[in-house]
file model17.pdb (PDB, C-alpha atoms)
ATOM      1  CA  ALA N 736     111.797  63.114  83.821
ATOM      2  CA  SER N 737     114.440  65.626  84.843
ATOM      3  CA  GLY N 738     113.703  69.288  85.446
ATOM      4  CA  LYS N 739     115.600  70.259  82.318
ATOM      5  CA  THR N 740     113.617  67.816  80.176
ATOM      6  CA  LEU N 741     110.303  69.012  81.586
ATOM      7  CA  LEU N 742     111.197  72.669  81.012
ATOM      8  CA  GLU N 743     112.204  71.936  77.418
ATOM      9  CA  ARG N 744     108.952  70.079  76.910
ATOM     10  CA  LEU N 745     107.028  72.937  78.492
ATOM     11  CA  GLY N 746     108.753  75.574  76.417
ATOM     12  CA  GLY N 747     108.182  73.693  73.171
ATOM     13  CA  ALA N 748     104.605  72.529  73.727
ATOM     14  CA  THR N 749     102.012  74.079  71.430
ATOM     15  CA  GLN N 750      98.895  72.270  72.653
ATOM     16  CA  LEU N 751      97.223  73.387  75.859
ATOM     17  CA  ASP N 752      96.939  69.867  77.297
ATOM     18  CA  ASP N 753     100.646  69.238  76.673
ATOM     19  CA  ARG N 754     101.584  72.481  78.414
ATOM     20  CA  ARG N 755      99.324  71.656  81.355
ATOM     21  CA  ASP N 756     100.784  68.156  81.710
ATOM     22  CA  ALA N 757     104.388  69.349  81.487
ATOM     23  CA  LEU N 758     103.820  72.125  84.006
ATOM     24  CA  ALA N 759     101.952  69.831  86.407
ATOM     25  CA  SER N 760     104.871  67.389  86.304
ATOM     26  CA  PHE N 761     107.411  70.162  86.863
ATOM     27  CA  LYS N 762     105.337  71.576  89.740
ATOM     28  CA  GLU N 763     105.373  68.167  91.395
ATOM     29  CA  LEU N 764     109.129  67.927  90.884
ATOM     30  CA  SER N 765     109.668  71.396  92.363
ATOM     31  CA  ALA N 766     108.055  70.222  95.611
ATOM     32  CA  GLU N 767     110.244  67.105  95.772
ATOM     33  CA  GLU N 768     113.712  68.218  94.672
ATOM     34  CA  PRO N 769     115.823  71.355  95.260
ATOM     35  CA  LEU N 770     115.999  72.875  91.774
ATOM     36  CA  ARG N 771     118.048  75.879  90.691
ATOM     37  CA  LEU N 772     116.800  77.658  87.582
ATOM     38  CA  ILE N 773     118.209  80.347  85.353
ATOM     39  CA  VAL N 774     116.036  83.157  84.028
ATOM     40  CA  GLU N 775     115.932  82.264  80.329
ATOM     41  CA  GLY N 776     113.840  79.154  79.780
ATOM     42  CA  GLY N 777     113.330  78.699  83.524
ATOM     43  CA  ILE N 778     112.128  81.439  85.868
ATOM     44  CA  GLY N 779     111.236  83.690  82.940
ATOM     45  CA  LEU N 780     109.190  80.931  81.289
ATOM     46  CA  LEU N 781     107.239  80.305  84.488
ATOM     47  CA  VAL N 782     106.538  84.013  84.927
ATOM     48  CA  ARG N 783     105.163  84.173  81.394
ATOM     49  CA  LEU N 784     102.937  81.166  82.077
ATOM     50  CA  ALA N 785     101.666  82.842  85.243
ATOM     51  CA  GLY N 786     100.154  85.453  82.959
ATOM     52  CA  ASP N 787      98.581  82.919  80.616
ATOM     53  CA  GLU N 788      94.839  83.284  80.014
ATOM     54  CA  ASP N 789      94.368  79.643  80.995
ATOM     55  CA  ALA N 790      93.610  79.636  84.721
ATOM     56  CA  GLN N 791      95.144  76.209  85.369
ATOM     57  CA  LEU N 792      98.454  77.192  83.797
ATOM     58  CA  ALA N 793      98.497  80.429  85.769
ATOM     59  CA  ARG N 794      97.755  78.633  89.048
ATOM     60  CA  ASP N 795     100.384  75.953  88.527
ATOM     61  CA  ALA N 796     103.023  78.438  87.366
ATOM     62  CA  LEU N 797     102.591  80.601  90.475
ATOM     63  CA  GLU N 798     102.558  77.596  92.795
ATOM     64  CA  THR N 799     105.739  76.307  91.138
ATOM     65  CA  LEU N 800     107.447  79.684  91.517
ATOM     66  CA  SER N 801     106.423  79.722  95.182
ATOM     67  CA  ASN N 802     107.929  76.258  95.657
ATOM     68  CA  LEU N 803     111.139  77.257  93.917
ATOM     69  CA  CYS N 804     111.576  80.371  96.061
ATOM     70  CA  ASP N 805     110.742  78.639  99.351
ATOM     71  CA  VAL N 806     113.969  77.840 101.231
ATOM     72  CA  GLY N 807     112.098  75.127 103.134
ATOM     73  CA  VAL N 808     111.002  73.189 100.050
ATOM     74  CA  PRO N 809     111.510  70.308  99.725
ATOM     75  CA  ALA N 810     111.236  69.465 103.412
ATOM     76  CA  GLU N 811     113.519  66.446 103.004
ATOM     77  CA  VAL N 812     116.954  66.915 101.420
ATOM     78  CA  PRO N 813     119.883  64.568 100.793
ATOM     79  CA  GLU N 814     122.037  63.904 103.849
ATOM     80  CA  ASP N 815     125.150  64.990 101.988
ATOM     81  CA  ARG N 816     123.488  68.307 101.026
ATOM     82  CA  PRO N 817     121.616  69.444 104.154
ATOM     83  CA  ASN N 818     121.312  73.035 102.905
ATOM     84  CA  ALA N 819     120.310  72.184  99.342
ATOM     85  CA  ASN N 820     116.788  73.581  99.700
ATOM     86  CA  ARG N 821     118.021  76.872 101.169
ATOM     87  CA  VAL N 822     120.714  77.281  98.533
ATOM     88  CA  ALA N 823     118.228  76.552  95.742
ATOM     89  CA  GLY N 824     115.543  78.830  97.193
ATOM     90  CA  GLU N 825     117.922  81.765  97.618
ATOM     91  CA  HIS N 826     119.262  81.263  94.107
ATOM     92  CA  ASN N 827     115.776  81.229  92.583
ATOM     93  CA  CYS N 828     114.753  84.337  94.523
ATOM     94  CA  ASP N 829     117.829  86.096  93.169
ATOM     95  CA  MET N 830     116.986  85.008  89.627
ATOM     96  CA  LEU N 831     113.410  86.258  89.904
ATOM     97  CA  LEU N 832     114.589  89.599  91.278
ATOM     98  CA  SER N 833     117.480  89.985  88.841
ATOM     99  CA  ASP N 834     115.254  91.496  86.155
ATOM    100  CA  ALA N 835     113.136  94.512  87.129
ATOM    101  CA  GLU N 836     110.270  93.324  84.925
ATOM    102  CA  LEU N 837     109.878  89.827  86.343
ATOM    103  CA  LEU N 838     108.301  90.539  89.749
ATOM    104  CA  PRO N 839     105.667  92.963  88.376
ATOM    105  CA  ALA N 840     104.840  90.394  85.688
ATOM    106  CA  ALA N 841     104.553  87.621  88.288
ATOM    107  CA  LEU N 842     102.187  89.736  90.404
ATOM    108  CA  ALA N 843     100.096  91.006  87.482
ATOM    109  CA  PRO N 844      97.798  87.919  87.626
ATOM    110  CA  LEU N 845      96.632  89.065  91.080
ATOM    111  CA  GLU N 846      94.146  91.232  89.181
ATOM    112  CA  ARG N 847      92.283  88.055  88.273
ATOM    113  CA  SER N 848      89.548  86.923  90.640
ATOM    114  CA  ASP N 849      90.664  83.287  90.649
ATOM    115  CA  PHE N 850      91.193  82.140  94.241
ATOM    116  CA  TYR N 851      94.231  79.938  93.604
ATOM    117  CA  VAL N 852      95.948  82.497  91.390
ATOM    118  CA  ARG N 853      95.670  85.055  94.180
ATOM    119  CA  PHE N 854      96.598  82.595  96.915
ATOM    120  CA  HIS N 855      99.757  81.321  95.198
ATOM    121  CA  GLY N 856     100.712  84.824  94.051
ATOM    122  CA  LEU N 857     100.633  86.046  97.647
ATOM    123  CA  ALA N 858     102.559  82.968  98.768
ATOM    124  CA  LEU N 859     105.259  83.741  96.209
ATOM    125  CA  LEU N 860     105.561  87.322  97.420
ATOM    126  CA  ARG N 861     105.813  86.144 101.028
ATOM    127  CA  GLN N 862     108.668  83.783 100.118
ATOM    128  CA  LEU N 863     110.531  86.570  98.337
ATOM    129  CA  LEU N 864     110.086  88.940 101.264
ATOM    130  CA  ALA N 865     111.187  86.301 103.762
ATOM    131  CA  THR N 866     114.363  85.459 101.830
ATOM    132  CA  ARG N 867     115.323  88.647  99.980
ATOM    133  CA  ALA N 868     113.419  91.460 101.716
ATOM    134  CA  ASP N 869     115.614  94.364 100.592
ATOM    135  CA  LYS N 870     115.640  93.311  96.945
ATOM    136  CA  THR N 871     111.891  92.705  96.975
ATOM    137  CA  HIS N 872     111.243  96.116  98.544
ATOM    138  CA  GLU N 873     113.383  97.702  95.857
ATOM    139  CA  ALA N 874     111.504  95.887  93.099
ATOM    140  CA  LEU N 875     108.145  97.018  94.507
ATOM    141  CA  LEU N 876     109.380 100.597  94.795
ATOM    142  CA  HIS N 877     110.091 100.610  91.076
ATOM    143  CA  ALA N 878     106.717  98.998  90.311
ATOM    144  CA  PRO N 879     104.097 100.771  92.447
ATOM    145  CA  ALA N 880     101.304  99.192  90.397
ATOM    146  CA  ALA N 881     102.438  95.775  91.672
ATOM    147  CA  ALA N 882     102.204  97.008  95.271
ATOM    148  CA  GLY N 883      98.755  98.346  94.456
ATOM    149  CA  ARG N 884      97.625  94.922  93.225
ATOM    150  CA  VAL N 885      98.551  93.406  96.568
ATOM    151  CA  LEU N 886      96.789  96.217  98.407
ATOM    152  CA  ALA N 887      93.634  95.643  96.354
ATOM    153  CA  LEU N 888      93.384  92.108  97.749
ATOM    154  CA  LEU N 889      92.375  93.594 101.106
ATOM    155  CA  GLU N 890      88.979  94.013  99.431
ATOM    156  CA  ASP N 891      88.679  90.326  98.506
ATOM    157  CA  GLU N 892      85.510  88.881 100.031
ATOM    158  CA  ARG N 893      87.213  85.539 100.641
ATOM    159  CA  ASP N 894      88.700  85.587 104.125
ATOM    160  CA  ILE N 895      91.739  83.467 103.260
ATOM    161  CA  VAL N 896      92.889  85.818 100.509
ATOM    162  CA  ARG N 897      92.044  88.981 102.434
ATOM    163  CA  ASN N 898      93.769  87.791 105.595
ATOM    164  CA  GLU N 899      96.920  86.744 103.751
ATOM    165  CA  ALA N 900      97.121  90.188 102.135
ATOM    166  CA  LEU N 901      96.517  91.736 105.557
ATOM    167  CA  HIS N 902      99.291  89.657 107.130
ATOM    168  CA  LEU N 903     101.682  90.797 104.425
ATOM    169  CA  MET N 904     100.817  94.419 105.169
ATOM    170  CA  ARG N 905     101.211  93.873 108.902
ATOM    171  CA  ASP N 906     104.562  92.092 108.581
ATOM    172  CA  VAL N 907     106.171  94.004 105.733
ATOM    173  CA  VAL N 908     105.493  97.686 106.404
ATOM    174  CA  PRO N 909     107.432  98.001 109.698
ATOM    175  CA  THR N 910     110.712  97.115 107.965
ATOM    176  CA  ALA N 911     109.948  98.468 104.486
ATOM    177  CA  PRO N 912     111.552 101.646 103.132
ATOM    178  CA  PRO N 913     109.510 104.753 104.003
ATOM    179  CA  GLU N 914     108.826 105.344 100.322
ATOM    180  CA  LEU N 915     107.065 101.985 100.015
ATOM    181  CA  ALA N 916     104.876 102.746 103.030
ATOM    182  CA  ASN N 917     103.996 106.076 101.377
ATOM    183  CA  ILE N 918     102.970 104.264  98.184
ATOM    184  CA  LEU N 919     100.709 101.907 100.125
ATOM    185  CA  ALA N 920      99.108 104.739 102.094
ATOM    186  CA  PHE N 921      98.493 106.977  99.093
ATOM    187  CA  GLN N 922      97.091 104.097  97.019
ATOM    188  CA  GLY N 923      94.288 103.644  99.532
ATOM    189  CA  GLY N 924      95.844 101.672 102.367
ATOM    190  CA  PHE N 925      94.031 103.507 105.145
ATOM    191  CA  GLU N 926      90.672 103.218 103.398
ATOM    192  CA  SER N 927      91.031  99.480 102.786
ATOM    193  CA  LEU N 928      92.179  98.711 106.317
ATOM    194  CA  LEU N 929      89.447 100.752 107.967
ATOM    195  CA  THR N 930      86.806  99.177 105.754
ATOM    196  CA  ILE N 931      87.829  95.792 107.182
ATOM    197  CA  ALA N 932      87.652  97.145 110.760
ATOM    198  CA  GLU N 933      84.261  98.763 110.187
ATOM    199  CA  GLY N 934      82.898  95.566 108.681
ATOM    200  CA  ILE N 935      83.918  93.623 111.780
ATOM    201  CA  VAL N 936      82.209  96.119 114.087
ATOM    202  CA  ARG N 937      79.101  96.181 111.901
ATOM    203  CA  GLU N 938      78.694  92.397 112.037
ATOM    204  CA  GLU N 939      79.319  92.120 115.776
ATOM    205  CA  GLY N 940      76.691  89.950 117.394
ATOM    206  CA  SER N 941      75.192  88.845 114.092
ATOM    207  CA  GLU N 942      74.902  85.286 112.846
ATOM    208  CA  THR N 943      77.511  86.017 110.154
ATOM    209  CA  ALA N 944      80.121  87.312 112.621
ATOM    210  CA  ASP N 945      83.541  85.681 112.193
ATOM    211  CA  ALA N 946      84.859  83.842 115.248
ATOM    212  CA  GLY N 947      88.355  85.105 114.440
ATOM    213  CA  ALA N 948      87.287  88.714 113.980
ATOM    214  CA  GLY N 949      89.221  89.893 117.032
ATOM    215  CA  ALA N 950      92.543  88.740 115.586
ATOM    216  CA  VAL N 951      91.726  90.244 112.177
ATOM    217  CA  PHE N 952      90.836  93.565 113.823
ATOM    218  CA  ALA N 953      94.163  93.516 115.688
ATOM    219  CA  ASP N 954      96.079  92.755 112.483
ATOM    220  CA  THR N 955      94.285  95.646 110.789
ATOM    221  CA  PHE N 956      95.345  98.119 113.437
ATOM    222  CA  ASP N 957      98.883  96.738 113.533
ATOM    223  CA  ALA N 958      99.093  97.504 109.805
ATOM    224  CA  LEU N 959      97.588 100.962 110.358
ATOM    225  CA  GLY N 960     100.127 101.660 113.075
ATOM    226  CA  ALA N 961     102.983 100.595 110.835
ATOM    227  CA  LEU N 962     101.843 102.985 108.093
ATOM    228  CA  LEU N 963     101.784 105.831 110.626
ATOM    229  CA  ALA N 964     104.836 105.055 112.737
ATOM    230  CA  ARG N 965     107.616 106.765 110.766
ATOM    231  CA  HIS N 966     105.791 108.809 108.188
ATOM    232  CA  VAL N 967     104.821 112.457 108.511
ATOM    233  CA  ALA N 968     103.121 112.577 105.103
ATOM    234  CA  ASN N 969     101.118 109.456 105.914
ATOM    235  CA  ARG N 970      99.959 111.024 109.183
ATOM    236  CA  ARG N 971      98.786 114.134 107.375
ATOM    237  CA  LEU N 972      96.897 111.993 104.863
ATOM    238  CA  PHE N 973      95.363 110.000 107.726
ATOM    239  CA  VAL N 974      94.049 113.140 109.417
ATOM    240  CA  GLU N 975      93.081 115.204 106.393
ATOM    241  CA  GLY N 976      91.774 112.330 104.284
ATOM    242  CA  GLY N 977      89.056 111.325 106.730
ATOM    243  CA  ALA N 978      90.653 108.230 108.281
ATOM    244  CA  LEU N 979      90.904 109.889 111.684
ATOM    245  CA  GLY N 980      87.152 110.444 111.821
ATOM    246  CA  ARG N 981      86.544 106.823 110.903
ATOM    247  CA  VAL N 982      88.719 105.646 113.804
ATOM    248  CA  LEU N 983      86.873 107.961 116.193
ATOM    249  CA  SER N 984      83.584 106.407 115.107
ATOM    250  CA  LEU N 985      84.884 103.022 116.272
ATOM    251  CA  LEU N 986      85.229 104.208 119.869
ATOM    252  CA  ALA N 987      81.563 103.705 120.836
ATOM    253  CA  LEU N 988      81.381 101.069 123.556
ATOM    254  CA  PRO N 989      78.023  99.864 124.932
ATOM    255  CA  PRO N 990      77.665  99.712 128.741
ATOM    256  CA  SER N 991      77.370  95.947 128.511
ATOM    257  CA  HIS N 992      80.292  94.851 126.367
ATOM    258  CA  THR N 993      82.572  91.895 125.779
ATOM    259  CA  SER N 994      86.298  91.686 126.396
ATOM    260  CA  GLY N 995      86.757  91.566 122.625
ATOM    261  CA  GLN N 996      84.937  94.870 122.179
ATOM    262  CA  ALA N 997      87.063  96.452 124.909
ATOM    263  CA  ALA N 998      90.229  95.163 123.228
ATOM    264  CA  ARG N 999      89.190  96.767 119.951
ATOM    265  CA  ILE N1000      88.633 100.102 121.697
ATOM    266  CA  ARG N1001      92.157  99.872 123.113
ATOM    267  CA  LEU N1002      93.550  99.289 119.638
ATOM    268  CA  ALA N1003      91.744 102.341 118.273
ATOM    269  CA  CYS N1004      92.980 104.445 121.200
ATOM    270  CA  ARG N1005      96.525 103.240 120.604
ATOM    271  CA  THR N1006      96.340 104.600 117.080
ATOM    272  CA  LEU N1007      95.091 107.959 118.337
ATOM    273  CA  TRP N1008      97.894 108.073 120.911
ATOM    274  CA  GLN N1009     100.390 107.257 118.193
ATOM    275  CA  LEU N1010      99.311 110.369 116.278
ATOM    276  CA  LEU N1011     100.152 112.520 119.308
ATOM    277  CA  ARG N1012     103.723 111.256 119.514
ATOM    278  CA  PRO N1013     106.560 112.372 117.218
ATOM    279  CA  PRO N1014     107.249 109.877 114.435
ATOM    280  CA  ALA N1015     110.318 107.692 114.859
ATOM    281  CA  GLY N1016     112.178 109.366 111.989
ATOM    282  CA  ALA N1017     111.819 112.032 109.355
ATOM    283  CA  ALA N1018     110.151 110.021 106.616
ATOM    284  CA  GLY N1019     107.566 111.619 104.401
ATOM    285  CA  GLY N1020     109.463 114.686 103.275
ATOM    286  CA  GLU N1021     109.426 116.601 106.581
ATOM    287  CA  ALA N1022     111.390 116.530 109.780
ATOM    288  CA  GLY N1023     109.571 114.284 112.166
ATOM    289  CA  GLY N1024     111.062 115.769 115.307
ATOM    290  CA  GLU N1025     113.003 113.952 117.971
ATOM    291  CA  GLY N1026     111.722 111.131 120.075
ATOM    292  CA  GLY N1027     110.522 107.624 119.352
ATOM    293  CA  GLY N1028     107.186 106.742 117.851
ATOM    294  CA  GLU N1029     105.278 103.599 118.509
ATOM    295  CA  GLY N1030     105.596 100.987 115.792
ATOM    296  CA  GLY N1031     102.873  98.871 114.337
ATOM    297  CA  GLY N1032     104.141  95.667 115.881
ATOM    298  CA  GLY N1033     103.801  96.517 119.564
ATOM    299  CA  GLU N1034     101.215  95.164 121.920
ATOM    300  CA  SER N1035      98.123  94.450 119.946
ATOM    301  CA  GLY N1036      95.618  94.081 122.731
ATOM    302  CA  ARG N1037      94.103  91.040 121.032
ATOM    303  CA  GLY N1038      90.952  89.798 122.598
ATOM    304  CA  GLY N1039      88.325  87.294 121.747
ATOM    305  CA  GLY N1040      85.276  88.528 119.899
TER     306      GLY N1040
END

call {"tool": "encode", "arguments": {"input": "model17.pdb", "output": "structure tokens"}}
result
Amino acid sequence: ASGKTLLERLGGATQLDDRRDALASFKELSAEEPLRLIVEGGIGLLVRLAGDEDAQLARDALETLSNLCDVGVPAEVPEDRPNANRVAGEHNCDMLLSDAELLPAALAPLERSDFYVRFHGLALLRQLLATRADKTHEALLHAPAAAGRVLALLEDERDIVRNEALHLMRDVVPTAPPELANILAFQGGFESLLTIAEGIVREEGSETADAGAGAVFADTFDALGALLARHVANRRLFVEGGALGRVLSLLALPPSHTSGQAARIRLACRTLWQLLRPPAGAAGGEAGGEGGGEGGGGESGRGGG
């Protein structure tokens, strides 16, 4: 069946099984053909289904939206239309971001604990940021609750979800508008990031220690550095809100230590050094002074744990 036929069937279905079947078929089609949708009856319908109480519908709707907004899907395109997937992906991103209410509605299901809902919701946001970063930043600025939902996933106990949220923080904040970085910091960004770092240190040497903990620790401090790099208000919050003391507590290094432990000390020291340098701009409502600050994406000092 064609995409149009499947969408009409999906929009008109009244029985749950019929809606599931139609959406599953359209999801499969979205991974195989470059499809361009309009908002009414297309992108808007999928966003509404992402908020459905049925978990399977929500999962499939978010995965379909992620496919539609991915400029690399499908991987194989017709020879006479080599850019069909990019053209379709950019178009669908524009449609999703054309209405200020659509992105917050698409991210609202992240409040659910379902693994696949969260995973595909984060994947959708990554596609939007990769293809239409400025528009996505603007949409998040006007919907701080949506940004907060993403931030809350740093507390997910499942490593895959937590790490994907962490990677978004690490990659997005350095190029995001200062106001968005302020929102993330004042909604608990420092607390969530440092809780991850403290958990890694606490489990060091235990049987439950994660083999990839060194990379996660580095990502955490890259995200911290990005929140601090250009933002005077964020720096004040970091110092006065107790985050500084928590970083200092991570500096203890036993006489007999691993290279991974030493690398984590270097990351913590880099953050402290960053606080002593003028911010690279005047974000945060005060003049930041002249001189360049260190960004969050510099040398990470990654080491094996």

call {"tool": "atom_distance", "arguments": {"input": "model17.pdb", "atom1": "atom CA of N:Asp752", "atom2": "atom CA of N:Pro844"}}
result
20.8 Å

call {"tool": "residues_around", "arguments": {"input": "model17.pdb", "residues": "N:Leu886", "least_positions_apart": "6", "cutoff": "9 Å", "atoms": "all atoms listed in the file", "output": "PDB file with C-alpha atoms, in the coordinates of the input"}}
result
ATOM      1  CA  ALA N 900      97.121  90.188 102.135  1.00  0.00           C
ATOM      2  CA  LEU N 901      96.517  91.736 105.557  1.00  0.00           C
ATOM      3  CA  MET N 904     100.817  94.419 105.169  1.00  0.00           C
ATOM      4  CA  LEU N 919     100.709 101.907 100.125  1.00  0.00           C
ATOM      5  CA  GLN N 922      97.091 104.097  97.019  1.00  0.00           C
ATOM      6  CA  GLY N 923      94.288 103.644  99.532  1.00  0.00           C
ATOM      7  CA  GLY N 924      95.844 101.672 102.367  1.00  0.00           C
ATOM      8  CA  SER N 927      91.031  99.480 102.786  1.00  0.00           C
TER       9      SER N 927
END

call {"tool": "resolve_selection", "arguments": {"input": "model17.pdb", "expression": "the PyMOL selection byres ((chain N and resi 838) around 10)", "output": "number ranges by chain"}}
result
N: 782, 831-837, 839-843, 859-860, 863, 871, 874-875, 878, 881

call {"tool": "closest_residue", "arguments": {"input": "model17.pdb", "among": "N:Asp945, N:Asp805, N:Asp869, N:Glu846", "to": "N:Glu890", "atoms": "all atoms listed in the file"}}
result
N:Glu846

call {"tool": "closest_residue", "arguments": {"input": "model17.pdb", "among": "N:Lys739, N:Arg853, N:Arg970, N:Arg861", "to": "N:Arg794", "atoms": "all atoms listed in the file"}}
result
N:Arg853

call {"tool": "residues_around", "arguments": {"input": "model17.pdb", "residues": "N:Cys1004", "least_positions_apart": "5", "cutoff": "10 Å", "atoms": "only C-alpha atoms", "output": "list in words"}}
result
Val982, Leu983, Leu985, Leu986, Ala998, Arg999, Gln1009 and Leu1010 of chain N

call {"tool": "write_last_selection", "arguments": {"input": "model17.pdb", "atoms": "C-alpha atoms", "output": "PDB file, keeping the file's coordinate frame"}}
result
ATOM      1  CA  VAL N 982      88.719 105.646 113.804  1.00  0.00           C
ATOM      2  CA  LEU N 983      86.873 107.961 116.193  1.00  0.00           C
ATOM      3  CA  LEU N 985      84.884 103.022 116.272  1.00  0.00           C
ATOM      4  CA  LEU N 986      85.229 104.208 119.869  1.00  0.00           C
ATOM      5  CA  ALA N 998      90.229  95.163 123.228  1.00  0.00           C
ATOM      6  CA  ARG N 999      89.190  96.767 119.951  1.00  0.00           C
ATOM      7  CA  GLN N1009     100.390 107.257 118.193  1.00  0.00           C
ATOM      8  CA  LEU N1010      99.311 110.369 116.278  1.00  0.00           C
TER       9      LEU N1010
END

call {"tool": "atom_distance", "arguments": {"input": "model17.pdb", "atom1": "atom CA of N:Ala920", "atom2": "atom CA of N:Pro1013"}}
result
18.5 Å

call {"tool": "resolve_selection", "arguments": {"input": "model17.pdb", "expression": "the PyMOL selection byres ((chain N and resi 825) around 12)", "output": "PyMOL selection string"}}
result
chain N and resi 769-772+801-808+818-824+826-832+862-868+870

call {"tool": "atom_distance", "arguments": {"input": "model17.pdb", "atom1": "atom CA of N:Asp957", "atom2": "atom CA of N:Phe850"}}
result
25.4 Å
